[in-house]
file upload_3.cif (mmCIF, C-alpha atoms and all ligand atoms)
data_entry
loop_
_atom_site.label_atom_id
_atom_site.label_comp_id
_atom_site.auth_asym_id
_atom_site.auth_seq_id
_atom_site.Cartn_x
_atom_site.Cartn_y
_atom_site.Cartn_z
CA GLN A 22 0.00 0.00 0.00
CA ASN A 23 1.38 3.35 -0.99
CA LEU A 24 -0.84 5.62 1.05
CA VAL A 25 -0.94 9.38 1.29
CA PRO A 26 0.18 10.22 4.87
CA ILE A 27 -2.72 11.63 6.91
CA LYS A 28 -0.32 13.97 8.70
CA GLU A 29 0.74 15.49 5.39
CA VAL A 30 -2.82 16.06 4.21
CA TYR A 31 -3.56 18.00 7.40
CA GLN A 32 -0.15 19.54 8.08
CA ASP A 33 -1.46 23.09 7.71
CA TYR A 34 -4.44 22.40 9.97
CA PHE A 35 -3.66 20.32 13.05
CA LEU A 36 -1.47 17.55 14.45
CA ILE A 37 -2.53 13.95 13.82
CA GLY A 38 -2.18 11.68 16.83
CA ASN A 39 -2.77 8.10 17.93
CA ALA A 40 -3.00 6.12 21.18
CA VAL A 41 -0.04 3.82 21.73
CA SER A 42 1.62 1.23 23.90
CA THR A 43 5.19 -0.04 23.54
CA SER A 44 4.03 -2.89 21.28
CA ASP A 45 3.18 -0.34 18.58
CA PHE A 46 6.84 0.59 18.13
CA ASP A 47 7.75 -2.34 15.93
CA GLY A 48 7.46 -3.56 12.35
CA ASP A 49 4.33 -2.73 10.35
CA ARG A 50 2.64 -1.06 13.32
CA LEU A 51 5.51 1.35 13.69
CA ALA A 52 5.41 2.12 9.96
CA LEU A 53 1.71 2.92 10.23
CA LEU A 54 2.30 5.03 13.33
CA THR A 55 5.15 7.14 12.00
CA GLY A 56 3.82 7.22 8.45
CA HIS A 57 0.58 8.96 9.32
CA HIS A 58 1.03 10.61 12.73
CA ASN A 59 3.13 13.23 14.49
CA LEU A 60 1.72 12.95 18.02
CA VAL A 61 1.02 10.13 20.47
CA THR A 62 -0.98 9.60 23.65
CA ALA A 63 -0.16 6.65 25.91
CA GLU A 64 -3.31 4.52 25.78
CA ASN A 65 -2.72 3.32 29.35
CA ALA A 66 0.90 3.86 30.44
CA MET A 67 0.60 7.41 31.78
CA LYS A 68 -2.54 7.02 33.87
CA PRO A 69 -2.36 7.69 37.62
CA ASP A 70 -2.04 4.05 38.70
CA SER A 71 0.99 3.61 36.44
CA ALA A 72 2.84 6.35 38.32
CA TYR A 73 3.15 4.21 41.48
CA ASN A 74 4.83 1.00 42.48
CA ASN A 75 3.89 -0.09 46.02
CA GLY A 76 2.78 3.42 46.82
CA HIS A 77 6.01 5.03 45.59
CA PHE A 78 6.46 6.99 42.42
CA ASP A 79 7.93 4.91 39.61
CA PHE A 80 7.98 6.35 36.09
CA ASN A 81 10.21 3.74 34.43
CA ALA A 82 7.59 2.34 32.04
CA GLU A 83 6.43 5.83 31.12
CA ASP A 84 9.97 7.01 30.46
CA MET A 85 10.59 4.04 28.18
CA LEU A 86 7.48 4.77 26.12
CA ILE A 87 8.30 8.47 25.86
CA GLN A 88 11.83 7.64 24.75
CA MET A 89 10.42 5.43 21.99
CA ALA A 90 8.19 8.27 20.82
CA GLU A 91 11.04 10.77 20.92
CA ASP A 92 13.30 8.43 18.94
CA GLN A 93 10.64 8.50 16.20
CA GLY A 94 10.22 12.28 16.34
CA LEU A 95 6.68 11.99 17.71
CA ALA A 96 5.32 14.60 20.13
CA VAL A 97 3.64 13.30 23.32
CA HIS A 98 0.36 14.36 24.93
CA GLY A 99 0.13 13.48 28.64
CA HIS A 100 -2.91 11.40 29.63
CA VAL A 101 -3.87 11.76 32.49
CA LEU A 102 -3.31 13.44 35.88
CA VAL A 103 -6.71 13.33 37.62
CA TRP A 104 -9.29 10.64 36.86
CA HIS A 105 -11.74 8.44 38.77
CA GLN A 106 -10.50 5.30 36.98
CA GLN A 107 -7.12 3.57 36.77
CA SER A 108 -6.00 5.45 39.88
CA PRO A 109 -4.97 4.15 43.32
CA GLU A 110 -7.92 4.68 45.66
CA TRP A 111 -5.70 5.68 48.59
CA LEU A 112 -5.28 9.00 46.81
CA TRP A 113 -8.78 9.98 48.01
CA ALA A 114 -10.07 7.22 50.34
CA ASP A 115 -8.99 5.35 53.47
CA ASN A 116 -8.61 1.57 53.79
CA ASN A 117 -12.35 1.19 54.37
CA GLY A 118 -13.18 3.13 51.25
CA ASN A 119 -14.34 6.22 53.14
CA PRO A 120 -13.35 9.61 51.73
CA LEU A 121 -10.19 11.15 53.19
CA SER A 122 -10.50 14.56 54.83
CA ARG A 123 -10.41 17.46 52.40
CA GLU A 124 -6.94 18.45 53.69
CA ASP A 125 -5.44 14.99 53.28
CA ALA A 126 -6.92 14.52 49.82
CA LEU A 127 -5.62 17.94 48.74
CA VAL A 128 -2.12 16.98 49.89
CA ASN A 129 -2.30 13.80 47.81
CA LEU A 130 -3.67 15.70 44.82
CA ARG A 131 -0.84 18.24 45.05
CA THR A 132 1.89 15.63 45.50
CA HIS A 133 0.59 13.55 42.62
CA ILE A 134 0.27 16.42 40.16
CA GLU A 135 3.48 18.25 41.16
CA THR A 136 5.63 15.14 41.03
CA THR A 137 4.21 13.93 37.73
CA VAL A 138 4.30 17.25 35.90
CA GLU A 139 7.83 17.96 37.24
CA HIS A 140 9.03 14.53 36.18
CA PHE A 141 7.95 14.71 32.54
CA GLY A 142 8.55 18.41 32.04
CA GLU A 143 8.51 19.52 28.44
CA ARG A 144 8.77 15.97 27.15
CA VAL A 145 4.99 16.38 26.85
CA ILE A 146 3.39 19.21 24.90
CA SER A 147 0.13 19.07 26.88
CA TRP A 148 -1.67 17.30 29.73
CA ASP A 149 -5.17 16.03 30.28
CA VAL A 150 -5.27 17.51 33.78
CA VAL A 151 -8.79 16.35 34.63
CA ASN A 152 -10.58 13.58 32.75
CA GLU A 153 -14.31 12.72 32.64
CA ALA A 154 -15.46 14.73 35.66
CA MET A 155 -18.94 15.44 34.25
CA ASN A 156 -22.07 13.29 34.34
CA ASP A 157 -23.75 12.23 31.13
CA ASN A 158 -26.74 14.23 29.96
CA PRO A 159 -27.00 16.39 33.12
CA PRO A 160 -30.56 17.78 33.53
CA ASN A 161 -29.42 21.23 34.75
CA PRO A 162 -26.20 21.92 32.91
CA GLU A 163 -26.18 25.60 33.99
CA ASP A 164 -25.37 24.20 37.43
CA TRP A 165 -22.06 22.60 36.46
CA GLN A 166 -21.13 21.75 40.05
CA GLY A 167 -24.37 19.83 40.43
CA SER A 168 -23.58 18.05 37.17
CA LEU A 169 -20.31 16.54 38.38
CA ARG A 170 -19.75 12.79 38.58
CA GLN A 171 -19.68 11.43 42.16
CA SER A 172 -16.01 10.51 41.96
CA GLY A 173 -13.70 9.80 44.89
CA TRP A 174 -11.97 13.14 44.33
CA LEU A 175 -15.30 15.00 44.41
CA GLN A 176 -16.40 13.23 47.58
CA ALA A 177 -13.19 13.98 49.47
CA ILE A 178 -12.47 17.51 48.25
CA GLY A 179 -15.63 18.98 46.71
CA PRO A 180 -16.20 20.57 43.29
CA ASP A 181 -13.11 22.77 43.52
CA TYR A 182 -10.85 19.72 43.09
CA ILE A 183 -11.01 20.54 39.40
CA GLU A 184 -9.82 24.14 39.67
CA GLU A 185 -7.23 23.09 42.27
CA SER A 186 -5.83 20.47 39.90
CA PHE A 187 -5.33 23.00 37.14
CA ARG A 188 -3.82 25.57 39.52
CA ILE A 189 -1.30 23.05 40.86
CA ALA A 190 -0.23 21.98 37.36
CA LYS A 191 -0.05 25.59 36.21
CA GLU A 192 2.17 26.58 39.17
CA VAL A 193 4.72 23.91 38.28
CA ILE A 194 4.71 24.92 34.63
CA ASP A 195 5.08 28.63 35.34
CA GLU A 196 7.82 28.11 37.95
CA ASN A 197 9.83 26.28 35.31
CA GLY A 198 8.95 28.59 32.44
CA TRP A 199 7.59 25.66 30.43
CA ASP A 200 5.19 25.78 27.51
CA ILE A 201 2.71 22.97 28.19
CA LYS A 202 -1.00 23.21 27.45
CA LEU A 203 -3.51 22.13 30.10
CA TYR A 204 -6.68 20.31 28.99
CA TYR A 205 -10.01 19.29 30.42
CA ASN A 206 -10.98 16.04 28.62
CA ASP A 207 -14.36 14.26 28.39
CA TYR A 208 -16.58 11.95 26.29
CA ASN A 209 -20.15 12.19 24.99
CA ASP A 210 -18.96 15.62 23.97
CA ASP A 211 -21.65 15.75 21.26
CA ASN A 212 -24.38 15.68 23.94
CA GLN A 213 -25.51 19.29 24.21
CA GLN A 214 -26.44 19.08 27.90
CA LYS A 215 -23.03 17.74 28.78
CA ALA A 216 -21.28 20.24 26.49
CA GLU A 217 -23.15 23.06 28.24
CA ALA A 218 -22.04 21.88 31.70
CA ILE A 219 -18.42 21.64 30.54
CA TYR A 220 -18.70 25.08 28.95
CA GLN A 221 -20.04 26.63 32.19
CA MET A 222 -17.30 24.99 34.25
CA VAL A 223 -14.41 26.10 32.04
CA LYS A 224 -15.91 29.57 31.69
CA GLU A 225 -16.18 30.12 35.45
CA ILE A 226 -12.75 28.70 36.28
CA ASN A 227 -11.02 30.61 33.51
CA GLU A 228 -12.79 33.90 34.29
CA ARG A 229 -11.71 33.73 37.92
CA TYR A 230 -8.12 32.98 37.00
CA ALA A 231 -8.03 35.64 34.29
CA GLU A 232 -9.16 38.28 36.77
CA GLU A 233 -6.27 37.46 39.07
CA ASN A 234 -3.72 37.01 36.29
CA ASP A 235 -4.06 39.74 33.66
CA GLY A 236 -6.41 37.80 31.45
CA GLU A 237 -4.32 34.63 31.32
CA LEU A 238 -6.02 31.26 30.73
CA LEU A 239 -5.83 28.49 33.34
CA ILE A 240 -7.51 25.80 31.23
CA ASP A 241 -5.90 26.10 27.78
CA GLY A 242 -7.93 23.49 25.99
CA ILE A 243 -10.97 21.25 25.97
CA GLY A 244 -10.55 17.68 24.79
CA MET A 245 -13.49 16.21 22.88
CA GLN A 246 -12.73 12.50 23.13
CA GLY A 247 -14.88 11.66 20.15
CA HIS A 248 -15.96 8.07 20.91
CA TYR A 249 -18.78 8.11 18.37
CA ASN A 250 -21.10 5.65 16.65
CA LEU A 251 -23.28 5.57 13.53
CA ASN A 252 -26.06 7.42 15.35
CA THR A 253 -23.83 10.38 16.13
CA ASN A 254 -25.08 13.56 14.51
CA PRO A 255 -22.08 15.50 13.19
CA GLU A 256 -24.03 18.74 13.59
CA ASN A 257 -23.99 18.17 17.35
CA VAL A 258 -20.24 17.72 17.18
CA ARG A 259 -20.04 21.03 15.35
CA LEU A 260 -22.22 22.78 17.95
CA SER A 261 -20.07 21.54 20.84
CA LEU A 262 -16.88 22.46 19.05
CA GLU A 263 -18.08 25.99 18.32
CA LYS A 264 -19.36 26.39 21.87
CA PHE A 265 -16.00 25.39 23.37
CA ALA A 266 -14.04 27.50 20.88
CA SER A 267 -16.14 30.54 21.86
CA LEU A 268 -14.38 30.42 25.25
CA GLY A 269 -11.10 31.24 23.53
CA VAL A 270 -9.59 27.85 24.41
CA GLU A 271 -8.14 25.41 21.90
CA VAL A 272 -10.06 22.24 21.15
CA GLY A 273 -8.37 18.87 20.85
CA VAL A 274 -10.10 15.83 19.38
CA THR A 275 -8.40 13.42 21.71
CA GLU A 276 -9.70 9.84 21.31
CA LEU A 277 -11.53 9.60 18.00
CA ASP A 278 -13.19 6.35 16.89
CA ILE A 279 -16.59 5.43 15.37
CA THR A 280 -18.12 2.03 16.07
CA ALA A 281 -19.85 0.29 13.16
CA GLY A 282 -20.57 -3.44 13.24
CA ASN A 283 -20.46 -6.24 15.78
CA ASP A 284 -18.38 -9.32 16.65
CA GLY A 285 -15.49 -8.01 14.59
CA VAL A 286 -17.63 -8.10 11.44
CA GLN A 287 -18.45 -5.09 9.33
CA THR A 288 -20.83 -5.18 6.39
CA GLU A 289 -20.01 -3.13 3.34
CA GLU A 290 -22.83 -0.80 4.28
CA GLU A 291 -21.51 -0.32 7.81
CA MET A 292 -18.05 0.36 6.44
CA ASN A 293 -19.42 3.01 4.09
CA GLN A 294 -21.61 4.63 6.74
CA GLN A 295 -18.59 4.79 9.01
CA ALA A 296 -16.50 6.36 6.25
CA TYR A 297 -19.26 8.88 5.57
CA LEU A 298 -19.33 10.01 9.21
CA TYR A 299 -15.52 10.27 9.33
CA ALA A 300 -15.65 12.43 6.20
CA ARG A 301 -18.34 14.70 7.65
CA LEU A 302 -16.35 15.11 10.86
CA PHE A 303 -13.15 15.97 9.02
CA GLN A 304 -15.00 18.57 6.97
CA ILE A 305 -16.14 20.15 10.25
CA TYR A 306 -12.67 19.88 11.78
CA ARG A 307 -11.08 21.47 8.73
CA GLU A 308 -13.57 24.34 8.69
CA ASN A 309 -12.78 24.98 12.36
CA HIS A 310 -9.08 24.25 12.15
CA GLU A 311 -8.08 27.59 13.65
CA HIS A 312 -9.50 26.36 16.95
CA ILE A 313 -8.28 22.76 16.76
CA SER A 314 -4.81 21.73 17.92
CA ARG A 315 -4.85 18.00 17.16
CA ILE A 316 -6.97 15.06 16.02
CA THR A 317 -5.96 11.89 17.85
CA PHE A 318 -7.37 8.48 16.89
CA TRP A 319 -7.85 5.98 19.72
CA GLY A 320 -5.88 3.09 18.25
CA LEU A 321 -4.05 2.16 15.07
CA ASP A 322 -6.25 -0.66 13.81
CA ASP A 323 -9.54 -2.44 14.51
CA GLY A 324 -7.75 -5.45 15.99
CA SER A 325 -6.06 -3.50 18.79
CA SER A 326 -8.92 -1.10 19.54
CA TRP A 327 -10.56 -1.04 23.00
CA ARG A 328 -13.79 -1.53 21.01
CA SER A 329 -12.30 -4.10 18.69
CA ASP A 330 -15.62 -5.96 18.24
CA GLN A 331 -17.09 -2.87 16.64
CA SER A 332 -14.29 -2.13 14.18
CA PRO A 333 -14.10 1.62 14.87
CA LEU A 334 -10.86 2.69 13.17
CA LEU A 335 -9.36 3.59 9.77
CA PHE A 336 -7.28 0.42 9.35
CA ASP A 337 -8.49 -3.17 9.52
CA ARG A 338 -7.05 -6.12 11.43
CA ASN A 339 -4.44 -6.64 8.71
CA LEU A 340 -3.49 -2.97 8.91
CA GLN A 341 -5.08 -2.34 5.51
CA ALA A 342 -6.78 0.99 4.85
CA LYS A 343 -10.60 0.94 5.06
CA PRO A 344 -13.01 3.29 3.26
CA ALA A 345 -12.78 5.52 6.35
CA TYR A 346 -9.12 6.21 5.57
CA TYR A 347 -9.91 7.35 2.02
CA ALA A 348 -12.84 9.37 3.34
CA ILE A 349 -10.69 11.54 5.60
CA ILE A 350 -7.93 11.94 3.01
CA ASN A 351 -10.39 13.75 0.75
CA PRO A 352 -13.74 14.36 2.49
CA ASP A 353 -15.16 16.66 -0.20
CA GLN A 354 -14.60 14.13 -2.94
CA PHE A 355 -15.91 11.30 -0.77
CA LEU A 356 -19.19 12.96 0.19
O1 LIG A 401 -2.55 -4.67 31.88
C1 LIG A 401 -3.55 -5.58 32.36
C2 LIG A 401 -3.10 -6.98 32.25
O2 LIG A 401 -1.97 -7.17 33.07
C3 LIG A 401 -4.24 -7.91 32.64
O3 LIG A 401 -3.87 -9.23 32.49
C4 LIG A 401 -5.48 -7.61 31.81
C5 LIG A 401 -6.69 -8.46 32.22
O4 LIG A 401 -7.89 -7.79 32.02
O5 LIG A 401 -5.82 -6.28 31.98
C6 LIG A 401 -4.82 -5.36 31.56
O6 LIG A 401 -5.28 -4.07 31.80
C7 LIG A 401 -6.24 -3.59 30.89
C8 LIG A 401 -5.69 -2.31 30.27
O7 LIG A 401 -6.68 -1.71 29.46
C9 LIG A 401 -4.44 -2.56 29.43
O8 LIG A 401 -4.76 -3.39 28.35
C10 LIG A 401 -7.53 -3.30 31.65
O9 LIG A 401 -8.12 -4.49 32.09
C11 LIG A 401 -8.49 -2.55 30.77
O10 LIG A 401 -9.60 -2.13 31.57
C12 LIG A 401 -7.82 -1.32 30.19
O11 LIG A 401 -8.75 -0.67 29.35
C13 LIG A 401 -8.41 0.64 29.00
C14 LIG A 401 -9.49 1.59 29.52
O12 LIG A 401 -9.19 2.92 29.11
C15 LIG A 401 -9.57 1.54 31.04
O13 LIG A 401 -10.43 2.51 31.52
C16 LIG A 401 -8.34 0.75 27.50
O14 LIG A 401 -7.22 -0.01 27.03
C17 LIG A 401 -8.17 2.21 27.06
O15 LIG A 401 -8.33 2.30 25.67
C18 LIG A 401 -9.25 3.05 27.72
O16 LIG A 401 -9.02 4.39 27.36
C19 LIG A 401 -9.99 5.33 27.85
C20 LIG A 401 -9.27 6.65 28.08
O17 LIG A 401 -8.19 6.46 28.95
C21 LIG A 401 -10.22 7.71 28.61
N1 LIG A 401 -11.38 7.85 27.78
C22 LIG A 401 -12.10 6.64 27.48
C23 LIG A 401 -11.15 5.59 26.87
C24 LIG A 401 -11.90 4.36 26.49
O18 LIG A 401 -12.46 3.71 27.60
#

call {"tool": "encode", "arguments": {"input": "upload_3.cif", "output": "structure tokens"}}
result
Amino acid sequence: QNLVPIKEVYQDYFLIGNAVSTSDFDGDRLALLTGHHNLVTAENAMKPDSAYNNGHFDFNAEDMLIQMAEDQGLAVHGHVLVWHQQSPEWLWADNNGNPLSREDALVNLRTHIETTVEHFGERVISWDVVNEAMNDNPPNPEDWQGSLRQSGWLQAIGPDYIEESFRIAKEVIDENGWDIKLYYNDYNDDNQQKAEAIYQMVKEINERYAEENDGELLIDGIGMQGHYNLNTNPENVRLSLEKFASLGVEVGVTELDITAGNDGVQTEEEMNQQAYLYARLFQIYRENHEHISRITFWGLDDGSSWRSDQSPLLFDRNLQAKPAYYAIINPDQFL
């Protein structure tokens, strides 16, 4: 296959990323990775629970993965500092599972973020500081605090754990004079209720910080994960994107995939519908490229996807390009 590199098609618009583990840095997978992408996110290796070994910080596996990316000239996006999943529970709860005191949880939050951000420094271009803090389809999205997921961090600290997380990360970055963008990242980003709650949250936190800091942003970007399916309405994606961009933050599409099919089988119709939706999305992304920093796919091929059964990616299990690949290479011609 002599394929046009995706990263070259979009080089004037945004970075093209993918989610990786060390096993992607070999053979045909590596060729696919470096051929089409210029950015990577660790699919699992840089999550909070990976930062500890027996309760002590241990970044060996992370450092190895980052070195592999650097050797290939790939930029790295940090995923993730604060999340309710894949994190040691002692960060926010005691041995019985009861929330720590606010003070104790804040100490753990600070130590975790400071140590991690310090350790990686400018080897990452950006961080997902807080991931998936919002409930799905919140009924009163104007009340963003009331729309927050009941996570361990929320229960121990309260709604300001989010602002605190960004402030801690920002302090480290400013003290060192680094240029690293700080993101809030979430899924079901096409749901307008959820998008509204995220919008209200980022607006309030950024306005407060700007007042104290000569108009500077605290949250630099909003990550739209982009885990879509054939029922996703691309016009809702556009609405969310424009809403977030109106805050003056950059938007990252951080974990894009579109499920179509079941049991690892995709009919020709499903493949074409999937390609059609990818093409529509890339038209929207291109139109809004001034606000978009990167488009990251969540996996190289259908076989290694977290939703492998539903064949959500551009390349099939033999790493061959699907209609979706051709659709994003030239959306106008495809549609
Ligand atoms: O590493 C262990 C292995 O030792 C063990 O034998 C095996 C048995 O189940 O599990 C392995 O861990 C799995 C891990 O992926 C690495 O493969 C976990 O069970 C599995 O739950 C984990 O899934 C990851 C998931 O996040 C966890 O929440 C997916 O790979 C990863 O794609 C997914 O990524 C998330 C983003 O971080 C945030 N947004 C949503 C996205 C999709 O869920």

call {"tool": "atom_distance", "arguments": {"input": "upload_3.cif", "atom1": "atom C3 of ligand LIG 401 (chain A)", "atom2": "CA of Val286 in chain A"}}
result
25.1 Å

call {"tool": "residues_around", "arguments": {"input": "upload_3.cif", "residues": "Leu334 in chain A", "least_positions_apart": "5", "cutoff": "10 Å", "atoms": "all atoms listed in the file", "output": "PyMOL selection string"}}
result
chain A and resi 277-281+295-296+299+318-326+328-329+342-343+345-346

call {"tool": "closest_residue", "arguments": {"input": "upload_3.cif", "among": "A:Leu54, A:Ile243, A:Val25, A:Leu130", "to": "Phe265 in chain A", "atoms": "all atoms listed in the file"}}
result
A:Ile243

call {"tool": "closest_residue", "arguments": {"input": "upload_3.cif", "among": "A:Glu237, A:Asp45, A:Asp210, A:Glu184", "to": "Val223 in chain A", "atoms": "all atoms listed in the file"}}
result
A:Glu184

call {"tool": "residues_near_ligand", "arguments": {"input": "upload_3.cif", "ligand": "ligand LIG 401 (chain A)", "cutoff": "10 Å", "atoms": "all atoms listed in the file", "output": "PyMOL selection string"}}
result
chain A and resi 40-42+62-68+100-101+104-108+149+152-153+206-208+245-248+275-278+319-320+325-328

call {"tool": "closest_residue", "arguments": {"input": "upload_3.cif", "among": "A:Gly48, A:Pro255, A:Gly76, A:Gly282", "to": "Leu112 in chain A", "atoms": "only C-alpha atoms"}}
result
A:Gly76

call {"tool": "axis_aligned_box", "arguments": {"input": "upload_3.cif", "around": "range 118-125 of chain A", "padding_each_side": "5 Å", "output": "JSON"}}
result
{"center_x": -9.9, "center_y": 10.8, "center_z": 53.0, "size_x": 18.9, "size_y": 25.3, "size_z": 13.6}

call {"tool": "closest_residue", "arguments": {"input": "upload_3.cif", "among": "A:Val128, A:Arg188, A:Asp84, A:Arg301", "to": "Asn234 in chain A", "atoms": "only C-alpha atoms"}}
result
A:Arg188

call {"tool": "atom_distance", "arguments": {"input": "upload_3.cif", "atom1": "CA of Arg315 in chain A", "atom2": "CA of Ile349 in chain A"}}
result
14.5 Å

call {"tool": "residues_around", "arguments": {"input": "upload_3.cif", "residues": "Glu110 in chain A", "least_positions_apart": "5", "cutoff": "12 Å", "atoms": "all atoms listed in the file", "output": "JSON, numbers by chain"}}
result
{"A": [69, 70, 73, 76, 103, 104, 105, 115, 116, 117, 118, 119, 120, 121, 126, 129, 130, 172, 173, 174, 177]}

call {"tool": "write_last_selection", "arguments": {"input": "upload_3.cif", "atoms": "C-alpha atoms", "output": "JSON list (two decimals), in the coordinates of the input"}}
result
[["chain", "number", "residue", "atom", "x", "y", "z"],
["A", 69, "PRO", "CA", -2.36, 7.69, 37.62],
["A", 70, "ASP", "CA", -2.04, 4.05, 38.70],
["A", 73, "TYR", "CA", 3.15, 4.21, 41.48],
["A", 76, "GLY", "CA", 2.78, 3.42, 46.82],
["A", 103, "VAL", "CA", -6.71, 13.33, 37.62],
["A", 104, "TRP", "CA", -9.29, 10.64, 36.86],
["A", 105, "HIS", "CA", -11.74, 8.44, 38.77],
["A", 115, "ASP", "CA", -8.99, 5.35, 53.47],
["A", 116, "ASN", "CA", -8.61, 1.57, 53.79],
["A", 117, "ASN", "CA", -12.35, 1.19, 54.37],
["A", 118, "GLY", "CA", -13.18, 3.13, 51.25],
["A", 119, "ASN", "CA", -14.34, 6.22, 53.14],
["A", 120, "PRO", "CA", -13.35, 9.61, 51.73],
["A", 121, "LEU", "CA", -10.19, 11.15, 53.19],
["A", 126, "ALA", "CA", -6.92, 14.52, 49.82],
["A", 129, "ASN", "CA", -2.30, 13.80, 47.81],
["A", 130, "LEU", "CA", -3.67, 15.70, 44.82],
["A", 172, "SER", "CA", -16.01, 10.51, 41.96],
["A", 173, "GLY", "CA", -13.70, 9.80, 44.89],
["A", 174, "TRP", "CA", -11.97, 13.14, 44.33],
["A", 177, "ALA", "CA", -13.19, 13.98, 49.47]]

call {"tool": "residues_around", "arguments": {"input": "upload_3.cif", "residues": "Glu308 in chain A", "least_positions_apart": "4", "cutoff": "12 Å", "atoms": "only C-alpha atoms", "output": "PDB file with C-alpha atoms, keeping the file's coordinate frame"}}
result
ATOM      1  CA  TYR A  31      -3.560  18.000   7.400  1.00  0.00           C
ATOM      2  CA  TYR A  34      -4.440  22.400   9.970  1.00  0.00           C
ATOM      3  CA  PHE A  35      -3.660  20.320  13.050  1.00  0.00           C
ATOM      4  CA  ARG A 259     -20.040  21.030  15.350  1.00  0.00           C
ATOM      5  CA  LEU A 262     -16.880  22.460  19.050  1.00  0.00           C
ATOM      6  CA  GLU A 263     -18.080  25.990  18.320  1.00  0.00           C
ATOM      7  CA  ARG A 301     -18.340  14.700   7.650  1.00  0.00           C
ATOM      8  CA  LEU A 302     -16.350  15.110  10.860  1.00  0.00           C
ATOM      9  CA  PHE A 303     -13.150  15.970   9.020  1.00  0.00           C
ATOM     10  CA  GLN A 304     -15.000  18.570   6.970  1.00  0.00           C
ATOM     11  CA  HIS A 312      -9.500  26.360  16.950  1.00  0.00           C
ATOM     12  CA  ILE A 313      -8.280  22.760  16.760  1.00  0.00           C
ATOM     13  CA  PRO A 352     -13.740  14.360   2.490  1.00  0.00           C
ATOM     14  CA  ASP A 353     -15.160  16.660  -0.200  1.00  0.00           C
TER      15      ASP A 353
END

call {"tool": "closest_residue", "arguments": {"input": "upload_3.cif", "among": "A:Thr317, A:Asn158, A:Asn23, A:Asn74", "to": "Gly273 in chain A", "atoms": "only C-alpha atoms"}}
result
A:Thr317

call {"tool": "closest_residue", "arguments": {"input": "upload_3.cif", "among": "A:Phe80, A:His58, A:Pro109, A:Ala154", "to": "Gln171 in chain A", "atoms": "only C-alpha atoms"}}
result
A:Ala154

call {"tool": "atom_distance", "arguments": {"input": "upload_3.cif", "atom1": "CA of Glu83 in chain A", "atom2": "CA of Glu271 in chain A"}}
result
26.1 Å

call {"tool": "residues_around", "arguments": {"input": "upload_3.cif", "residues": "Ile201 in chain A", "least_positions_apart": "2", "cutoff": "9 Å", "atoms": "all atoms listed in the file", "output": "mmCIF file with C-alpha atoms, in the coordinates of the input"}}
result
data_model
loop_
_atom_site.group_PDB
_atom_site.id
_atom_site.type_symbol
_atom_site.label_atom_id
_atom_site.label_comp_id
_atom_site.auth_asym_id
_atom_site.auth_seq_id
_atom_site.Cartn_x
_atom_site.Cartn_y
_atom_site.Cartn_z
ATOM 1 C CA GLY A 142 8.550 18.410 32.040
ATOM 2 C CA GLU A 143 8.510 19.520 28.440
ATOM 3 C CA VAL A 145 4.990 16.380 26.850
ATOM 4 C CA ILE A 146 3.390 19.210 24.900
ATOM 5 C CA SER A 147 0.130 19.070 26.880
ATOM 6 C CA TRP A 148 -1.670 17.300 29.730
ATOM 7 C CA LYS A 191 -0.050 25.590 36.210
ATOM 8 C CA ILE A 194 4.710 24.920 34.630
ATOM 9 C CA TRP A 199 7.590 25.660 30.430
ATOM 10 C CA LEU A 203 -3.510 22.130 30.100
#

call {"tool": "residues_around", "arguments": {"input": "upload_3.cif", "residues": "range 224-226 of chain A", "least_positions_apart": "5", "cutoff": "8 Å", "atoms": "all atoms listed in the file", "output": "number ranges by chain"}}
result
A: 184, 239-240, 268

call {"tool": "write_last_selection", "arguments": {"input": "upload_3.cif", "atoms": "C-alpha atoms", "output": "mmCIF file, in the frame of the given file"}}
result
data_model
loop_
_atom_site.group_PDB
_atom_site.id
_atom_site.type_symbol
_atom_site.label_atom_id
_atom_site.label_comp_id
_atom_site.auth_asym_id
_atom_site.auth_seq_id
_atom_site.Cartn_x
_atom_site.Cartn_y
_atom_site.Cartn_z
ATOM 1 C CA GLU A 184 -9.820 24.140 39.670
ATOM 2 C CA LEU A 239 -5.830 28.490 33.340
ATOM 3 C CA ILE A 240 -7.510 25.800 31.230
ATOM 4 C CA LEU A 268 -14.380 30.420 25.250
#

call {"tool": "decode", "arguments": {"input": "upload_3.cif", "residues": "range 203-220 of chain A", "atoms": "C-alpha atoms", "output": "CSV table (one decimal), in the first residue's frame"}}
result
chain,number,residue,atom,x,y,z
A,203,LEU,CA,-3.5,22.1,30.1
A,204,TYR,CA,-6.7,20.3,29.0
A,205,TYR,CA,-10.0,19.3,30.4
A,206,ASN,CA,-11.0,16.0,28.6
A,207,ASP,CA,-14.4,14.3,28.4
A,208,TYR,CA,-16.6,11.9,26.3
A,209,ASN,CA,-20.2,12.2,25.0
A,210,ASP,CA,-19.0,15.6,24.0
A,211,ASP,CA,-21.6,15.8,21.3
A,212,ASN,CA,-24.4,15.7,23.9
A,213,GLN,CA,-25.5,19.3,24.2
A,214,GLN,CA,-26.4,19.1,27.9
A,215,LYS,CA,-23.0,17.7,28.8
A,216,ALA,CA,-21.3,20.2,26.5
A,217,GLU,CA,-23.1,23.1,28.2
A,218,ALA,CA,-22.0,21.9,31.7
A,219,ILE,CA,-18.4,21.6,30.5
A,220,TYR,CA,-18.7,25.1,28.9
